[in-house]
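Everything below belongs to protein_15.txt, which stores compact mmCIF, C-alpha atoms.
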# COMPACT_ATOMS: atom_id res chain seq x y z
CA MET A 1 58.66 40.14 7.07
CA LEU A 2 56.14 42.91 7.64
CA HIS A 3 57.93 45.47 5.48
CA LYS A 4 58.01 43.04 2.54
CA CYS A 5 54.22 42.78 2.62
CA LEU A 6 53.54 46.52 2.67
CA PRO A 7 53.74 47.16 -1.11
CA PHE A 8 51.31 44.33 -1.75
CA ALA A 9 48.96 45.61 0.97
CA PHE A 10 48.95 49.12 -0.51
CA THR A 11 48.23 47.67 -3.94
CA LEU A 12 45.21 45.81 -2.58
CA LEU A 13 44.00 48.94 -0.79
CA PHE A 14 44.28 50.96 -4.01
CA ILE A 15 42.35 48.37 -6.02
CA PHE A 16 39.64 48.15 -3.38
CA SER A 17 39.29 51.93 -3.23
CA CYS A 18 38.97 52.19 -7.00
CA ASN A 19 36.37 49.45 -7.18
CA SER A 20 34.31 50.84 -4.31
CA SER A 21 34.12 54.30 -5.90
CA LYS A 22 33.67 53.13 -9.48
CA HIS A 23 29.91 53.65 -9.48
CA SER A 24 29.50 56.35 -6.91
CA GLY A 25 31.60 59.37 -7.79
CA THR A 26 30.52 60.68 -4.40
CA SER A 27 32.33 63.29 -2.36
CA LYS A 28 34.30 62.64 0.78
CA ASP A 29 31.24 63.83 2.76
CA SER A 30 28.98 61.11 1.38
CA LEU A 31 27.75 58.28 3.54
CA PRO A 32 27.54 54.63 2.54
CA GLY A 33 24.16 53.18 1.73
CA THR A 34 22.27 50.89 4.12
CA TRP A 35 20.69 47.68 2.88
CA GLN A 36 17.14 47.17 4.16
CA SER A 37 16.91 43.46 4.86
CA LEU A 38 13.55 43.59 6.66
CA PRO A 39 10.36 45.24 5.40
CA VAL A 40 9.59 48.80 6.52
CA THR A 41 6.01 49.61 7.42
CA ILE A 42 5.21 53.23 6.57
CA ASP A 43 3.15 54.13 9.62
CA GLY A 44 4.98 57.00 11.34
CA ASP A 45 6.62 54.64 13.83
CA SER A 46 10.39 54.44 14.21
CA LYS A 47 10.36 50.78 15.28
CA ASP A 48 11.73 49.70 11.89
CA TRP A 49 14.75 52.00 12.18
CA PRO A 50 17.97 52.10 14.23
CA SER A 51 17.74 53.68 17.66
CA PRO A 52 19.06 56.30 17.81
CA TYR A 53 18.87 57.43 14.20
CA PRO A 54 22.38 57.40 12.74
CA ASN A 55 22.43 60.98 11.38
CA TYR A 56 21.69 64.27 13.12
CA ASP A 57 21.66 67.92 12.01
CA ALA A 58 22.14 70.22 14.99
CA LYS A 59 20.99 73.33 13.10
CA SER A 60 17.76 71.86 11.81
CA ILE A 61 17.34 69.78 15.00
CA VAL A 62 16.33 66.67 13.09
CA ALA A 63 17.64 63.11 13.11
CA TYR A 64 17.31 61.04 9.95
CA ALA A 65 18.12 57.80 8.18
CA THR A 66 17.89 56.21 4.74
CA SER A 67 18.02 52.66 3.41
CA ASN A 68 17.07 50.67 0.34
CA ASP A 69 16.31 47.20 -0.94
CA ARG A 70 15.99 46.15 -4.57
CA GLN A 71 12.59 47.76 -5.09
CA ASN A 72 12.43 50.82 -2.85
CA LEU A 73 14.21 53.75 -1.25
CA TYR A 74 13.22 54.27 2.40
CA ILE A 75 13.59 57.62 4.16
CA THR A 76 12.78 58.72 7.70
CA MET A 77 13.19 61.84 9.81
CA GLU A 78 12.32 62.58 13.41
CA THR A 79 12.45 65.48 15.83
CA GLY A 80 11.51 65.91 19.46
CA ASP A 81 12.02 69.68 19.35
CA GLU A 82 8.75 71.53 19.86
CA MET A 83 9.59 74.48 17.62
CA THR A 84 10.73 72.23 14.78
CA GLN A 85 7.55 70.18 15.11
CA MET A 86 5.53 73.39 14.99
CA LYS A 87 7.31 74.58 11.83
CA ILE A 88 6.86 71.26 10.05
CA LEU A 89 3.20 70.88 10.92
CA LYS A 90 2.23 74.50 10.27
CA GLN A 91 4.62 75.58 7.52
CA GLY A 92 5.08 72.20 5.82
CA MET A 93 8.15 70.23 4.77
CA THR A 94 9.63 69.26 1.40
CA LEU A 95 11.77 66.22 0.67
CA MET A 96 14.01 66.85 -2.33
CA ILE A 97 15.90 64.16 -4.25
CA ASP A 98 18.89 64.59 -6.55
CA THR A 99 19.37 61.37 -8.53
CA ASN A 100 22.95 62.41 -9.32
CA GLY A 101 23.98 62.63 -5.68
CA LYS A 102 24.49 66.39 -5.73
CA LYS A 103 22.37 69.39 -4.70
CA ASP A 104 20.30 69.93 -7.82
CA PRO A 105 17.04 68.10 -7.03
CA GLN A 106 14.80 66.82 -9.80
CA LEU A 107 12.15 65.24 -7.56
CA LYS A 108 10.14 66.67 -4.67
CA ILE A 109 7.63 65.40 -2.14
CA ASN A 110 5.76 68.05 -0.16
CA TYR A 111 4.51 66.60 3.11
CA PRO A 112 2.98 67.82 5.23
CA LEU A 113 1.59 70.65 3.15
CA GLN A 114 1.51 74.17 4.54
CA ASN A 115 -1.71 74.39 6.52
CA ASP A 116 -3.17 77.80 7.26
CA ASN A 117 -6.11 76.11 8.99
CA ASP A 118 -3.87 74.15 11.32
CA PRO A 119 -4.82 74.44 15.02
CA LEU A 120 -1.30 75.68 15.84
CA ASP A 121 -0.98 79.45 15.86
CA LEU A 122 2.36 81.15 16.45
CA ALA A 123 1.05 84.33 18.06
CA ARG A 124 -1.44 82.51 20.24
CA ASP A 125 0.65 79.49 21.19
CA GLU A 126 4.13 80.97 21.54
CA ASN A 127 3.83 80.97 25.34
CA LEU A 128 3.26 77.22 25.27
CA LEU A 129 6.80 76.77 23.98
CA HIS A 130 8.04 77.98 27.38
CA LYS A 131 5.87 75.50 29.22
CA ASP A 132 6.65 73.68 32.41
CA LYS A 133 5.15 70.39 33.45
CA GLY A 134 1.44 70.54 34.02
CA ASP A 135 -1.55 71.90 32.13
CA LYS A 136 0.44 73.82 29.53
CA ALA A 137 2.49 70.78 28.64
CA HIS A 138 -0.63 68.64 28.27
CA HIS A 139 -2.37 71.35 26.22
CA TRP A 140 0.61 71.67 23.88
CA GLU A 141 0.90 67.92 23.38
CA LYS A 142 -2.79 67.71 22.47
CA LYS A 143 -2.45 70.50 19.90
CA ILE A 144 0.62 68.93 18.31
CA ALA A 145 -1.04 65.51 18.16
CA LYS A 146 -4.18 66.98 16.56
CA SER A 147 -2.10 68.85 14.01
CA ALA A 148 -0.22 65.68 13.10
CA GLU A 149 -3.48 63.79 12.64
CA GLN A 150 -4.64 66.44 10.18
CA ALA A 151 -1.50 66.06 8.04
CA ASN A 152 -3.23 63.83 5.51
CA GLN A 153 -2.35 65.43 2.17
CA PHE A 154 0.86 65.48 0.13
CA SER A 155 2.00 66.48 -3.33
CA VAL A 156 4.77 65.24 -5.62
CA GLU A 157 6.75 66.92 -8.39
CA GLY A 158 8.97 65.50 -11.13
CA PHE A 159 8.11 61.82 -10.79
CA LYS A 160 7.22 60.01 -14.01
CA ASN A 161 3.44 59.49 -14.38
CA CYS A 162 2.93 60.76 -10.84
CA SER A 163 2.43 64.46 -10.17
CA GLY A 164 -0.03 66.53 -8.21
CA GLY A 165 -1.75 66.18 -4.87
CA PHE A 166 -2.86 63.05 -3.04
CA ALA A 167 -4.30 61.87 0.24
CA ILE A 168 -1.90 59.73 2.26
CA THR A 169 -4.50 56.94 2.16
CA GLN A 170 -4.48 56.88 -1.66
CA THR A 171 -2.58 54.36 -3.74
CA THR A 172 -0.57 56.53 -6.10
CA ALA A 173 0.33 55.47 -9.63
CA CYS A 174 4.03 55.58 -8.72
CA GLY A 175 3.59 53.66 -5.46
CA ILE A 176 4.88 56.34 -3.08
CA LYS A 177 3.78 55.83 0.52
CA ILE A 178 4.22 58.44 3.22
CA LYS A 179 3.15 59.04 6.82
CA LEU A 180 3.97 61.06 9.92
CA ARG A 181 2.74 60.94 13.50
CA ILE A 182 3.68 61.86 17.04
CA ASP A 183 4.91 58.70 18.74
CA ASP A 184 4.82 57.62 22.39
CA TYR A 185 8.12 59.42 23.02
CA LYS A 186 6.62 62.76 21.80
CA GLN A 187 8.74 62.52 18.65
CA LEU A 188 7.44 63.63 15.29
CA VAL A 189 8.32 60.66 13.07
CA TRP A 190 8.19 61.05 9.27
CA GLU A 191 8.54 58.07 6.91
CA ALA A 192 8.42 57.53 3.15
CA MET A 193 8.79 54.59 0.77
CA ILE A 194 9.66 55.55 -2.80
CA PRO A 195 9.80 52.79 -5.43
CA PHE A 196 12.82 52.88 -7.74
CA LYS A 197 10.27 52.66 -10.54
CA ALA A 198 9.31 56.25 -9.68
CA ILE A 199 12.94 57.40 -9.49
CA TYR A 200 14.78 55.50 -12.23
CA ASN A 201 11.85 54.04 -14.18
CA LYS A 202 13.00 50.49 -13.41
CA ASP A 203 11.26 47.99 -11.16
CA VAL A 204 14.38 46.85 -9.32
CA ILE A 205 17.99 47.88 -9.01
CA THR A 206 20.76 45.40 -9.80
CA ALA A 207 24.39 44.98 -8.86
CA ALA A 208 25.23 47.60 -11.50
CA GLU A 209 23.61 50.24 -9.26
CA ALA A 210 25.72 49.38 -6.20
CA GLY A 211 27.15 52.66 -4.91
CA ARG A 212 25.14 54.75 -7.36
CA PRO A 213 25.07 58.30 -5.89
CA ILE A 214 21.83 59.81 -4.71
CA SER A 215 21.08 62.57 -2.26
CA VAL A 216 18.04 63.66 -0.30
CA CYS A 217 17.24 66.90 1.49
CA PHE A 218 14.73 67.84 4.17
CA VAL A 219 13.55 71.44 3.68
CA VAL A 220 11.70 73.12 6.54
CA LYS A 221 10.33 76.64 6.17
CA GLY A 222 10.48 78.99 9.14
CA PHE A 223 7.78 81.37 10.27
CA LYS A 224 7.95 84.97 9.14
CA ASN A 225 9.98 86.91 11.67
CA PRO A 226 7.95 89.93 12.74
CA GLY A 227 11.18 91.77 13.52
CA ALA A 228 12.81 91.16 10.12
CA LYS A 229 12.30 92.99 6.82
CA SER A 230 12.69 89.88 4.66
CA GLN A 231 13.24 86.17 4.84
CA ASP A 232 15.58 83.91 2.90
CA ASN A 233 14.13 81.62 0.28
CA PRO A 234 13.83 78.19 1.96
CA THR A 235 14.97 76.46 -1.22
CA GLY A 236 18.00 78.70 -1.51
CA GLY A 237 21.17 78.11 0.49
CA THR A 238 21.01 77.59 4.22
CA ASN A 239 22.71 74.73 5.99
CA ASN A 240 24.43 72.14 6.00
CA ASN A 241 27.12 69.68 4.90
CA MET A 242 26.36 66.55 2.92
CA GLY A 243 25.31 63.77 5.23
CA GLY A 244 26.90 64.90 8.48
CA VAL A 245 26.89 62.16 11.08
CA GLY A 246 25.54 63.51 14.33
CA MET A 247 27.66 63.44 17.42
CA ASN A 248 24.56 64.63 19.27
CA SER A 249 22.19 62.07 17.76
CA GLY A 250 21.50 60.54 21.16
CA VAL A 251 20.83 63.81 22.96
CA GLY A 252 17.52 65.34 23.84
CA ARG A 253 15.08 62.91 22.30
CA GLY A 254 11.86 62.60 24.23
CA GLY A 255 11.83 59.55 26.46
CA GLY A 256 15.57 59.09 25.99
CA LYS A 257 15.04 56.94 22.89
CA GLY A 258 17.39 58.71 20.50
CA GLY A 259 18.24 61.99 18.78
CA GLY A 260 16.34 64.99 17.47
CA GLY A 261 15.93 67.35 20.41
CA GLY A 262 17.91 70.15 21.92
CA ARG A 263 18.35 73.80 20.98
CA ALA A 264 20.63 76.69 21.75
CA ALA A 265 19.40 78.07 25.07
CA ASP A 266 20.56 81.67 24.46
CA THR A 267 18.21 82.31 21.50
CA PRO A 268 15.35 79.86 22.00
CA MET A 269 12.84 81.59 19.67
CA GLU A 270 15.23 82.23 16.76
CA HIS A 271 14.84 78.68 15.47
CA LEU A 272 11.16 79.35 14.69
CA TYR A 273 12.16 81.84 12.01
CA GLU A 274 14.94 79.83 10.39
CA ASN A 275 14.61 78.08 7.03
CA THR A 276 16.68 74.91 7.14
CA LYS A 277 17.93 72.39 4.59
CA THR A 278 19.42 69.08 5.65
CA TRP A 279 21.24 67.20 2.88
CA LYS A 280 22.38 63.61 2.91
CA GLN A 281 24.42 62.15 0.07
CA PHE A 282 25.02 58.41 -0.15
CA GLY A 283 25.48 55.50 -2.51
CA LEU A 284 22.79 52.88 -3.04
CA ALA A 285 23.35 49.70 -1.06
CA TRP A 286 23.31 46.29 -2.68
CA GLN A 287 23.24 42.70 -1.51
CA PRO A 288 23.00 39.68 -3.84
What's the structure tokens form of this structure?
Amino acid sequence: MLHKCLPFAFTLLFIFSCNSSKHSGTSKDSLPGTWQSLPVTIDGDSKDWPSPYPNYDAKSIVAYATSNDRQNLYITMETGDEMTQMKILKQGMTLMIDTNGKKDPQLKINYPLQNDNDPLDLARDENLLHKDKGDKAHHWEKKIAKSAEQANQFSVEGFKNCSGGFAITQTTACGIKIKLRIDDYKQLVWEAMIPFKAIYNKDVITAAEAGRPISVCFVVKGFKNPGAKSQDNPTGGTNNNMGGVGMNSGVGRGGGKGGGGGRAADTPMEHLYENTKTWKQFGLAWQP
């Protein structure tokens, strides 16, 4: 009896596959969207997100996640790696969005902004990156925490009726909310809520947008390498694949809570000078 059912089963599988990809047009590397059934508070706390984060980029040493409801796109990133934290807080980070689900971003959020007055200093504080437990560890943690507290400005590009610089405490015309902080597990946690009004110029998505492709990218600029003649453009090509799911997402996170730590031990300082780009492509989730 089983062999008689196979043609019918394959027909159903084909129909399902066609329907599920009808809206998306995404590549085989894309990830499905995640419906956000509970509200997300944008406070730099990962309590509203899965533990560990479902995606991890071993080159950038960041874990990340995305979700959406009818009104908003939610994005988060975290890292427990000291050098990555130092790059983000000192050199800044850019979130790029391609509304077509590719790698040609139309929208950008710069947060935190590059801060030349930041209390972190590469030449002065490099030895703290080789710290052991004790005074150096405590000193480093205080400097990182202070730097995170000072990350209170952001800028946006490409959003309709919403461009320029803002304080994170401001209510922007496009409703974007953003925040980072160092949590109790010594993780740098970054969160953003972006209304679909600011992306698609519509207050809510509908069933017609189910599976609609979109992609986001975390861009982190490295420090200038004193031993190198030049440095790659951080918005040019670096790494990585679209939406790679991290096998290491549960490794190395401070306090054992999740992913976002760990680094190649043979070249520990090289990561400071690397520009990294972490792309995730997915389709919008929908629930009636």
From the list A:Trp190, A:Tyr185, A:Phe196, A:Phe166, which residue is nearest Ile75 (chain A) when using only C-alpha atoms?
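Ranked by minimum distance to Ile75 (chain A), first place goes to A:Trp190.
Of the listed residues A:Leu31, A:Met86, A:Leu38, A:Leu180, the one whose atoms come nearest to Val220 (chain A) is A:Met86, with distances taken using all atoms listed in the file.
Going from CA of Gln287 (chain A) to CA of Gly33 (chain A) covers 11.0 Å.
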Contact residues around Met193 (chain A) with all atoms listed in the file at 8 Å, ignoring same-chain residues under 2 positions, as a list in words:
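So the residues in contact are Ile42, Asn72, Leu73, Tyr74, Ile75, Ile176, Lys177, Ile178, Glu191 and Pro195 of chain A.
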Can you tell me how far CA of Pro32 (chain A) sits from CA of Thr94 (chain A), in Å to one decimal?
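Computing it gives 23.2 Å between the two atoms.
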Write out as a ChimeraX atom specification which residues come within 8 Å of region 98-110 of chain A when counting all atoms listed in the file, dropping same-chain ones fewer than 3 positions away.
/A:26,92-95,113,154-159,199,213-216,279,281-283
Using the selection just defined, write its residues with C-alpha atoms as a PDB file, keeping the file's coordinate frame.
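Full text of again.pdb as output:
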ATOM      1  CA  THR A  26      30.520  60.680  -4.400  1.00  0.00           C
ATOM      2  CA  GLY A  92       5.080  72.200   5.820  1.00  0.00           C
ATOM      3  CA  MET A  93       8.150  70.230   4.770  1.00  0.00           C
ATOM      4  CA  THR A  94       9.630  69.260   1.400  1.00  0.00           C
ATOM      5  CA  LEU A  95      11.770  66.220   0.670  1.00  0.00           C
ATOM      6  CA  LEU A 113       1.590  70.650   3.150  1.00  0.00           C
ATOM      7  CA  PHE A 154       0.860  65.480   0.130  1.00  0.00           C
ATOM      8  CA  SER A 155       2.000  66.480  -3.330  1.00  0.00           C
ATOM      9  CA  VAL A 156       4.770  65.240  -5.620  1.00  0.00           C
ATOM     10  CA  GLU A 157       6.750  66.920  -8.390  1.00  0.00           C
ATOM     11  CA  GLY A 158       8.970  65.500 -11.130  1.00  0.00           C
ATOM     12  CA  PHE A 159       8.110  61.820 -10.790  1.00  0.00           C
ATOM     13  CA  ILE A 199      12.940  57.400  -9.490  1.00  0.00           C
ATOM     14  CA  PRO A 213      25.070  58.300  -5.890  1.00  0.00           C
ATOM     15  CA  ILE A 214      21.830  59.810  -4.710  1.00  0.00           C
ATOM     16  CA  SER A 215      21.080  62.570  -2.260  1.00  0.00           C
ATOM     17  CA  VAL A 216      18.040  63.660  -0.300  1.00  0.00           C
ATOM     18  CA  TRP A 279      21.240  67.200   2.880  1.00  0.00           C
ATOM     19  CA  GLN A 281      24.420  62.150   0.070  1.00  0.00           C
ATOM     20  CA  PHE A 282      25.020  58.410  -0.150  1.00  0.00           C
ATOM     21  CA  GLY A 283      25.480  55.500  -2.510  1.00  0.00           C
TER      22      GLY A 283
END
Point out the residue among A:Glu209, A:Glu270, A:Asp57, A:Asp45 with the least atom-to-atom distance to Pro288 (chain A), counting all atoms listed in the file.
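Ranking A:Glu209, A:Glu270, A:Asp57, A:Asp45 by distance to Pro288 (chain A), first place goes to A:Glu209.
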Can you tell me how far CA of Val219 (chain A) sits from CA of Asn275 (chain A), in Å to one decimal?
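Result for CA of Val219 (chain A) versus CA of Asn275 (chain A): 7.5 Å, one decimal.
Each of A:Gly222, A:Pro39, A:Gly80, A:Pro54 was checked against Glu274 (chain A) using all atoms listed in the file; the smallest atom-to-atom distance is that of A:Gly222.
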Determine the nearest neighbour of Ala65 (chain A) from the options A:Ala210, A:Cys217, A:Ala198, A:Ala145, counting all atoms listed in the file.
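Of the candidates, the smallest distance to Ala65 (chain A) is held by A:Cys217.
Of the listed residues (A:His139, A:Lys179, A:Gln36, A:Tyr111), A:Gln36 comes nearest to Thr66 (chain A); the distances count all atoms listed in the file.
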